[in-house]
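> Input: one structure, supplied below.
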Protein chains: 2
Amino acid sequence: MLDVRRLALLAAVVDTGSMTAAAEQLGYTASAVSQQLRRLEVEAGQPLLHRQARGVRPTEAGALLAGHARHILRRLNAAEADLAELAGLRRGTIALGVFPTVASALLPQVVSRFRRQYPDLRLDVRSTRFDELVELLENGTVGIALLWDYAWNRVDVPDISLTPLLDDPTVLVVAADHRLARKRFTTMSELAGEEWIVRAHDHPVAEVLERSCRAAGFTPKIAFQANDYQEAQAMVSVGLGVALAPRTAVRNPNPDVRVLALGTDVPARRILLAHRQDRLRAPAELAMHQLLVDVAREYQTKP
Amino acid sequence: MLDVRRLALLAAVVDTGSMTAAAEQLGYTASAVSQQLRRLEVEAGQPLLHRQARGVRPTEAGALLAGHARHILRRLNAAEADLAELAGLRRGTIALGVFPTVASALLPQVVSRFRRQYPDLRLDVRSTRFDELVELLENGTVGIALLWDYAWNRVDVPDISLTPLLDDPTVLVVAADHRLARKRFTTMSELAGEEWIVRAHDHPVAEVLERSCRAAGFTPKIAFQANDYQEAQAMVSVGLGVALAPRTAVRNPNPDVRVLALGTDVPARRILLAHRQDRLRAPAELAMHQLLVDVAREYQTKP
DNA sequence: ATGCCCGTGAAGTATTGCTTCACGCTCACA
DNA sequence: TGTGAGCGTGAAGCAATACTTCACGGGCAT
């Protein structure tokens, strides 16, 4: 394969009409240019330049090669320009994986700010379950995923780097006409007699309830197993029971329910930013990373 | 500037979907490919490949670069193909410099055979004076020139390589009704009383006459100075005198003159092939060189 | 559990691309 | 007719680097 750097040299020499001028232009010594062109001629199997008293002139083969060289150099520049566009966030795609509750609470803010800040970047969001998120992350389908965990079961995936974004405290959801509905705060020990709505399929919030009640000295009576927090709120609103939920999950609550804070003794969900720990990360990925950190910080301070 | 060899590697890897396969295809070890791609990623400032359990997959930037790489490689192949065409004499130009008398005698044969043998090559012939031929040769306008000289004044130009092609003996031209017209051969000593037609402007054939006559013991009487051999023959044909000429110059003689051989004591013109002694010569030039040698040899044996 | 395939890393080696220094040549100007 | 500037070239030496070998770790399939 012909050496492209030598071809570039040839093109410069043909353009300037002189090895010395080309050398100067490209930051080499004249000797280096002379030697490299000599080698190119050997590679080509024929002379490429007519050496004259004043400078040089391309032979037929030289002119031909110089023409090809110019095309190749243009392409190379285009490739570098493309990389610069990616690096300069004027181009590129970032795929983000999220889970449903964060999708409804945090994502609108994230998307709108991302659109505003990086109008030229494409943003793909996929919302799915925890384990599939990890899979998408591992095979590179998404560059960043938002994950969550609780203190007793910290997420730990090899080669995945985690950044805690925010603590999502557990809150109590009661019907608007519940005896505690007027309060803004309560504790688990006040709730020993309640019936409980939980999420079905061994959802982690069931374990939160389990642990919190045990700590408060009672065992919860389960009245209903809901498929999502929307359904849980509906059950709560008609007085079937009360429920625990991460605060982000009930950010826009059903009008017939009230949300009460609980003490810090009730375990809080942690929301994390996850990405594969490659030493190199795509610029768009870094941009999204920073934006998520920022949005989370703001969300944490003024929920 | 991005390294094109690394880009080629990237393209191969993206095509095959595996570093090992690409390495095998290109004759490298897998380790080399891995290292080079790592470097390319650093150059690019972003990851180009997603490493997966089975092989690799390009990132956005990787796919982009691989696309550019494919274009560049196509161009490189085209450049090499062009060189091969030049080398394979399926393309190219050869410029040949000649002087008038050889042009009329030897050239028709040369041109027709060249056309037949290398139908894809362009042939440029320039006919001019000796000193301009050397100049054209030196500045590369022609790759090969035909020159001539006499024994007492051998051509010797620095950096010009010479190959004697043929000896062009001096002949005597007489009118068809001249006393010697019936003979095929004579000597200078038979010609002491003749009047002579010579070429004007100190043409070398005048010196041939001078030296030959002196050797034969007489001084020639000059009757006319002609501008070319055509004119000289015309003067000879009407009996104004006799003339000396290189045999090639009177290859198709005027019908009213006769051509007689002279002894080897009359100096012969030598015809030479001249080219700049570059270590590398264009393939078309080499082809023409060989063809001239062949044609000259045949011409010499059966004139 | 075992072997195979794939990518990766460290170390060593050979190539090679470039610089420095010196030379020869040609042209222009004194 | 020198004489210096500009240009290309060559030998020698140095430093970068592209490759190989050898060894390792992880995932997938038998």
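Identifiers in the structure tokens: chain A, B, ... in order shown; residue index from 1 per chain; ligand index from 1 in order shown.
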So that I can check the surroundings of range 25-29 of chain D, please list as JSON, numbers by chain every protein, DNA and RNA residue that reaches within 12 Å of it, counting only C-alpha atoms (C1' of nucleotides) and ignoring chain neighbours fewer than 5 positions away.

{"A": [158], "B": [52, 53, 54, 55], "C": [2, 3, 4, 5, 6, 7, 8, 9]}

> From a DSSP calculation on the backbone, collect every residue of range 59-283 of chain A in strand (DSSP E or B) and output the set as a PyMOL selection string.

chain A and resi 93-98+122-127+144-150+153+160-168+170-175+185+195-199+221-226+242-246+257-261+269-276

> Which of these residues is nearest to Pro119 in chain B, using only C-alpha atoms: B:Ala284, B:Met188, B:Cys213, B:Val293?

B:Ala284

> Could you give me, as a tab-separated table, every chain A residue with an atom at most 9 Å from chain C, plus its closest atom pair and distance in Å to one decimal, counting only C-alpha atoms (C1' of nucleotides), rows ordered by chain then number?


residue	atom	partner	partner_atom	distance
A:Tyr28	CA	C:DC18	C1'	7.9
A:Thr29	CA	C:DT19	C1'	7.6
A:Ser31	CA	C:DT19	C1'	8.7
A:Ala32	CA	C:DC18	C1'	6.2
A:Gln36	CA	C:DG17	C1'	8.4
A:Ala53	CA	C:DT26	C1'	5.9
A:Arg54	CA	C:DT26	C1'	7.9

> Emit the selected residues as a PDB file, in the first residue's frame, including all heavy atoms.


ATOM      1  N   TYR A  28       9.135  20.200   7.805  1.00  0.00           N
ATOM      2  CA  TYR A  28      10.220  19.233   7.724  1.00  0.00           C
ATOM      3  C   TYR A  28      11.476  19.918   7.216  1.00  0.00           C
ATOM      4  O   TYR A  28      11.441  21.069   6.780  1.00  0.00           O
ATOM      5  CB  TYR A  28       9.869  18.097   6.749  1.00  0.00           C
ATOM      6  CG  TYR A  28       8.712  17.240   7.176  1.00  0.00           C
ATOM      7  CD1 TYR A  28       7.613  17.079   6.343  1.00  0.00           C
ATOM      8  CD2 TYR A  28       8.726  16.587   8.383  1.00  0.00           C
ATOM      9  CE1 TYR A  28       6.545  16.282   6.722  1.00  0.00           C
ATOM     10  CE2 TYR A  28       7.666  15.788   8.775  1.00  0.00           C
ATOM     11  CZ  TYR A  28       6.587  15.642   7.938  1.00  0.00           C
ATOM     12  OH  TYR A  28       5.538  14.857   8.319  1.00  0.00           O
ATOM     13  N   THR A  29      12.559  19.158   7.221  1.00  0.00           N
ATOM     14  CA  THR A  29      13.749  19.642   6.543  1.00  0.00           C
ATOM     15  C   THR A  29      13.676  19.225   5.080  1.00  0.00           C
ATOM     16  O   THR A  29      12.974  18.279   4.732  1.00  0.00           O
ATOM     17  CB  THR A  29      15.020  19.036   7.153  1.00  0.00           C
ATOM     18  OG1 THR A  29      14.928  17.622   7.065  1.00  0.00           O
ATOM     19  CG2 THR A  29      15.169  19.451   8.596  1.00  0.00           C
ATOM     20  N   SER A  31      15.883  17.827   3.456  1.00  0.00           N
ATOM     21  CA  SER A  31      16.476  16.496   3.307  1.00  0.00           C
ATOM     22  C   SER A  31      15.430  15.403   3.513  1.00  0.00           C
ATOM     23  O   SER A  31      15.385  14.424   2.754  1.00  0.00           O
ATOM     24  CB  SER A  31      17.601  16.341   4.326  1.00  0.00           C
ATOM     25  OG  SER A  31      18.239  15.117   4.162  1.00  0.00           O
ATOM     26  N   ALA A  32      14.611  15.583   4.522  1.00  0.00           N
ATOM     27  CA  ALA A  32      13.578  14.580   4.797  1.00  0.00           C
ATOM     28  C   ALA A  32      12.656  14.433   3.591  1.00  0.00           C
ATOM     29  O   ALA A  32      12.353  13.316   3.159  1.00  0.00           O
ATOM     30  CB  ALA A  32      12.779  14.981   6.028  1.00  0.00           C
ATOM     31  N   GLN A  36      12.119  11.013   1.431  1.00  0.00           N
ATOM     32  CA  GLN A  36      10.813  10.361   1.369  1.00  0.00           C
ATOM     33  C   GLN A  36      10.322  10.246  -0.071  1.00  0.00           C
ATOM     34  O   GLN A  36       9.746   9.242  -0.471  1.00  0.00           O
ATOM     35  CB  GLN A  36       9.793  11.123   2.216  1.00  0.00           C
ATOM     36  CG  GLN A  36      10.050  11.015   3.698  1.00  0.00           C
ATOM     37  CD  GLN A  36      10.175   9.573   4.138  1.00  0.00           C
ATOM     38  OE1 GLN A  36       9.304   8.760   3.872  1.00  0.00           O
ATOM     39  NE2 GLN A  36      11.281   9.241   4.784  1.00  0.00           N
ATOM     40  N   ALA A  53      17.024  22.626 -12.500  1.00  0.00           N
ATOM     41  CA  ALA A  53      17.931  23.540 -11.813  1.00  0.00           C
ATOM     42  C   ALA A  53      17.187  24.262 -10.706  1.00  0.00           C
ATOM     43  O   ALA A  53      17.648  24.347  -9.574  1.00  0.00           O
ATOM     44  CB  ALA A  53      18.514  24.546 -12.793  1.00  0.00           C
ATOM     45  N   ARG A  54      16.018  24.797 -11.045  1.00  0.00           N
ATOM     46  CA  ARG A  54      15.220  25.530 -10.062  1.00  0.00           C
ATOM     47  C   ARG A  54      14.000  24.693  -9.697  1.00  0.00           C
ATOM     48  O   ARG A  54      13.010  24.681 -10.426  1.00  0.00           O
ATOM     49  CB  ARG A  54      14.785  26.868 -10.694  1.00  0.00           C
ATOM     50  CG  ARG A  54      14.888  28.063  -9.798  1.00  0.00           C
ATOM     51  CD  ARG A  54      16.236  28.129  -9.201  1.00  0.00           C
ATOM     52  NE  ARG A  54      16.570  29.398  -8.570  1.00  0.00           N
ATOM     53  CZ  ARG A  54      17.812  29.648  -8.164  1.00  0.00           C
ATOM     54  NH1 ARG A  54      18.766  28.769  -8.364  1.00  0.00           N
ATOM     55  NH2 ARG A  54      18.080  30.791  -7.568  1.00  0.00           N
TER      56      ARG A  54
END

> Please determine the contact residues of chain D with respect to chain B at a cut-off of 8 Å, counting only C-alpha atoms (C1' of nucleotides), and supply them as a PDB file with C-alpha atoms (C1' of nucleotides), in the first residue's frame.


ATOM      1  C1'  DA D  18       4.982  -0.558  14.726  1.00  0.00           C
ATOM      2  C1'  DC D  19       5.340  -5.065  15.106  1.00  0.00           C
ATOM      3  C1'  DT D  20       6.219  -9.800  17.438  1.00  0.00           C
ATOM      4  C1'  DG D  27     -17.143 -15.395  28.041  1.00  0.00           C
TER       5       DG D  27
END
